[in-house]
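> First the structure, then my questions, so here it is.
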Amino acid sequence: MELKKAAMAGTVESSDAQITVEPGTNGIELNIESSVIQQYGRQIKAVVLETLKKLDVKNAKVSVVDKGALDCTLKARVEGAVFRSINDDPDTPNPWEVL
C-alpha cells in the first residue's frame with residue numbers, strides 16, 4: 001500500500017498509543033517514544049514493523065508515542081493510521097479484508 005497523506009490513530013492516554021504515519025521514500029523510518037521503552041522497546045518495534053509488513057507498506061515515516069499499550073492496541077492503531085492515510089473518501093469503508 002502506498003500512503004497518500006499524513007494520518008494519526010490513537011491517544012496519549014494511559015495504556016494507549018498514538019501512531020502517526022506519513023508517506024516516505026526511504027523504506028520505513030520509525031521513531032518510538034515510550035514510557036516503557038527499556039522493557040518493551042524491541043517488542044513495540046517488532047509489532048509496528050510486522051503490522052506494516054502485513055499491510056504491504058514499504059515506505060513510510062512512522063511515529064509512535066506509547067503509553068503502555070498492549071500489542072493488540074499497537075496493531076489496531078497502526079492499521080487505523082494506515083487506512084486513514086490511504087483512504088481519500090471518508091464514505092468509503094477501509095479495506096479490513098486485507099488483514
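A note on labels: chains of the C-alpha cells are A, B, ... as shown, every chain counts residues from 1, and ligands are counted from 1 in their shown order.
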Please give the complete set of residues from chain A that DSSP, run on the backbone, assigns to alpha helix (DSSP H), formatted as a ChimeraX atom specification.
/A:37-54,71-86
> Grab the residues selected above and save them as an mmCIF file, in the first residue's frame with N, CA and C atoms.

```
data_model
loop_
_atom_site.group_PDB
_atom_site.id
_atom_site.type_symbol
_atom_site.label_atom_id
_atom_site.label_comp_id
_atom_site.auth_asym_id
_atom_site.auth_seq_id
_atom_site.Cartn_x
_atom_site.Cartn_y
_atom_site.Cartn_z
ATOM 1 N N ILE A 37 10.065 1.993 27.234
ATOM 2 C CA ILE A 37 10.940 1.592 26.118
ATOM 3 C C ILE A 37 12.066 0.667 26.571
ATOM 4 N N GLN A 38 12.560 0.834 27.791
ATOM 5 C CA GLN A 38 13.641 -0.036 28.267
ATOM 6 C C GLN A 38 13.193 -1.494 28.357
ATOM 7 N N GLN A 39 11.960 -1.711 28.800
ATOM 8 C CA GLN A 39 11.458 -3.068 28.956
ATOM 9 C C GLN A 39 10.873 -3.633 27.662
ATOM 10 N N TYR A 40 10.184 -2.799 26.887
ATOM 11 C CA TYR A 40 9.381 -3.308 25.772
ATOM 12 C C TYR A 40 9.691 -2.669 24.420
ATOM 13 N N GLY A 41 10.759 -1.912 24.319
ATOM 14 C CA GLY A 41 11.071 -1.220 23.064
ATOM 15 C C GLY A 41 11.202 -2.144 21.866
ATOM 16 N N ARG A 42 11.886 -3.275 22.049
ATOM 17 C CA ARG A 42 12.043 -4.218 20.932
ATOM 18 C C ARG A 42 10.708 -4.810 20.507
ATOM 19 N N GLN A 43 9.846 -5.099 21.463
ATOM 20 C CA GLN A 43 8.533 -5.661 21.144
ATOM 21 C C GLN A 43 7.650 -4.633 20.437
ATOM 22 N N ILE A 44 7.681 -3.394 20.892
ATOM 23 C CA ILE A 44 6.911 -2.334 20.233
ATOM 24 C C ILE A 44 7.356 -2.220 18.775
ATOM 25 N N LYS A 45 8.659 -2.156 18.566
ATOM 26 C CA LYS A 45 9.207 -2.050 17.203
ATOM 27 C C LYS A 45 8.776 -3.236 16.352
ATOM 28 N N ALA A 46 8.866 -4.439 16.913
ATOM 29 C CA ALA A 46 8.510 -5.648 16.165
ATOM 30 C C ALA A 46 7.037 -5.640 15.765
ATOM 31 N N VAL A 47 6.146 -5.255 16.671
ATOM 32 C CA VAL A 47 4.712 -5.245 16.365
ATOM 33 C C VAL A 47 4.404 -4.220 15.277
ATOM 34 N N VAL A 48 4.986 -3.033 15.386
ATOM 35 C CA VAL A 48 4.733 -1.992 14.390
ATOM 36 C C VAL A 48 5.245 -2.435 13.017
ATOM 37 N N LEU A 49 6.467 -2.934 12.957
ATOM 38 C CA LEU A 49 7.035 -3.344 11.671
ATOM 39 C C LEU A 49 6.293 -4.534 11.067
ATOM 40 N N GLU A 50 5.911 -5.490 11.901
ATOM 41 C CA GLU A 50 5.154 -6.650 11.416
ATOM 42 C C GLU A 50 3.807 -6.222 10.836
ATOM 43 N N THR A 51 3.133 -5.290 11.506
ATOM 44 C CA THR A 51 1.835 -4.818 11.026
ATOM 45 C C THR A 51 1.986 -4.069 9.710
ATOM 46 N N LEU A 52 3.001 -3.221 9.606
ATOM 47 C CA LEU A 52 3.252 -2.520 8.347
ATOM 48 C C LEU A 52 3.552 -3.505 7.221
ATOM 49 N N LYS A 53 4.306 -4.534 7.522
ATOM 50 C CA LYS A 53 4.626 -5.550 6.511
ATOM 51 C C LYS A 53 3.362 -6.267 6.039
ATOM 52 N N LYS A 54 2.472 -6.651 6.981
ATOM 53 C CA LYS A 54 1.215 -7.313 6.605
ATOM 54 C C LYS A 54 0.362 -6.429 5.713
ATOM 55 N N ASP A 71 0.083 -5.168 22.706
ATOM 56 C CA ASP A 71 0.381 -5.446 21.297
ATOM 57 C C ASP A 71 -0.845 -5.276 20.406
ATOM 58 N N CYS A 72 -1.990 -5.764 20.867
ATOM 59 C CA CYS A 72 -3.204 -5.682 20.048
ATOM 60 C C CYS A 72 -3.618 -4.223 19.820
ATOM 61 N N THR A 73 -3.370 -3.370 20.798
ATOM 62 C CA THR A 73 -3.680 -1.950 20.650
ATOM 63 C C THR A 73 -2.725 -1.299 19.661
ATOM 64 N N LEU A 74 -1.440 -1.614 19.774
ATOM 65 C CA LEU A 74 -0.463 -1.082 18.817
ATOM 66 C C LEU A 74 -0.837 -1.468 17.391
ATOM 67 N N LYS A 75 -1.172 -2.733 17.202
ATOM 68 C CA LYS A 75 -1.550 -3.226 15.878
ATOM 69 C C LYS A 75 -2.773 -2.464 15.344
ATOM 70 N N ALA A 76 -3.783 -2.315 16.172
ATOM 71 C CA ALA A 76 -5.006 -1.624 15.755
ATOM 72 C C ALA A 76 -4.734 -0.167 15.410
ATOM 73 N N ARG A 77 -3.864 0.480 16.170
ATOM 74 C CA ARG A 77 -3.538 1.886 15.906
ATOM 75 C C ARG A 77 -2.753 2.038 14.601
ATOM 76 N N VAL A 78 -1.830 1.130 14.338
ATOM 77 C CA VAL A 78 -1.084 1.182 13.080
ATOM 78 C C VAL A 78 -2.048 0.970 11.912
ATOM 79 N N GLU A 79 -2.897 -0.038 12.007
ATOM 80 C CA GLU A 79 -3.873 -0.302 10.953
ATOM 81 C C GLU A 79 -4.761 0.919 10.719
ATOM 82 N N GLY A 80 -5.265 1.505 11.782
ATOM 83 C CA GLY A 80 -6.143 2.672 11.658
ATOM 84 C C GLY A 80 -5.451 3.841 10.975
ATOM 85 N N ALA A 81 -4.221 4.129 11.380
ATOM 86 C CA ALA A 81 -3.485 5.245 10.783
ATOM 87 C C ALA A 81 -3.204 4.988 9.308
ATOM 88 N N VAL A 82 -2.795 3.770 8.968
ATOM 89 C CA VAL A 82 -2.504 3.436 7.568
ATOM 90 C C VAL A 82 -3.771 3.553 6.725
ATOM 91 N N PHE A 83 -4.879 3.007 7.193
ATOM 92 C CA PHE A 83 -6.106 3.063 6.408
ATOM 93 C C PHE A 83 -6.623 4.487 6.265
ATOM 94 N N ARG A 84 -6.426 5.315 7.277
ATOM 95 C CA ARG A 84 -6.801 6.727 7.141
ATOM 96 C C ARG A 84 -5.914 7.415 6.111
ATOM 97 N N SER A 85 -4.672 7.021 6.039
ATOM 98 C CA SER A 85 -3.737 7.629 5.099
ATOM 99 C C SER A 85 -4.044 7.274 3.645
ATOM 100 N N ILE A 86 -4.485 6.068 3.393
ATOM 101 C CA ILE A 86 -4.726 5.645 2.010
ATOM 102 C C ILE A 86 -6.130 5.974 1.519
#
```
> Excluding same-chain residues fewer than 2 positions from Val64 (chain A), what lies within 6 Å of it counting only C-alpha atoms, as a list of chain:residue names?
A:Gln18, A:Ile19, A:Ile32, A:Asp66
> Can you build me a table of region 38-69 of chain A residues sitting at most 12 Å from region 2-6 of chain A, with the closest atom pair per residue and its distance in Å to one decimal, using only C-alpha atoms, sorted by chain and residue number, as JSON lines?

```
{"residue": "A:Leu52", "atom": "CA", "partner": "A:Glu2", "partner_atom": "CA", "distance": 11.1}
{"residue": "A:Leu55", "atom": "CA", "partner": "A:Glu2", "partner_atom": "CA", "distance": 9.8}
{"residue": "A:Asp56", "atom": "CA", "partner": "A:Glu2", "partner_atom": "CA", "distance": 8.3}
{"residue": "A:Val57", "atom": "CA", "partner": "A:Glu2", "partner_atom": "CA", "distance": 6.4}
{"residue": "A:Lys58", "atom": "CA", "partner": "A:Glu2", "partner_atom": "CA", "distance": 7.7}
{"residue": "A:Asn59", "atom": "CA", "partner": "A:Glu2", "partner_atom": "CA", "distance": 7.4}
{"residue": "A:Ala60", "atom": "CA", "partner": "A:Leu3", "partner_atom": "CA", "distance": 7.2}
{"residue": "A:Lys61", "atom": "CA", "partner": "A:Ala6", "partner_atom": "CA", "distance": 9.1}
{"residue": "A:Val62", "atom": "CA", "partner": "A:Ala6", "partner_atom": "CA", "distance": 9.6}
{"residue": "A:Ser63", "atom": "CA", "partner": "A:Ala6", "partner_atom": "CA", "distance": 10.8}
```
> Go through A:Asp16, A:Leu70, A:Val65, A:Thr11 and flag the residue nearest Glu33 (chain A), using only C-alpha atoms for the distances.
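Closest residue, counting only C-alpha atoms: A:Val65.
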> Taking 2 positions as the minimum chain separation for residues in the same chain, which residues sit within 8 Å of Ser14 (chain A) when counting only C-alpha atoms? Answer as a PyMOL selection string.
chain A and resi 12+16+67-69
> If you run DSSP on the backbone here, which positions in chain A get strand (DSSP E or B)? Please write them as a list in words.
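After running DSSP on the backbone, chain A has strand (DSSP E or B) at Ala7, Met8, Ala9, Ala17, Gln18, Ile19, Thr20, Val21, Glu22, Pro23, Ile28, Glu29, Leu30, Asn31, Ile32, Glu33, Ser34, Ala60, Lys61, Val62, Ser63, Val64, Val65 and Asp66 of chain A.
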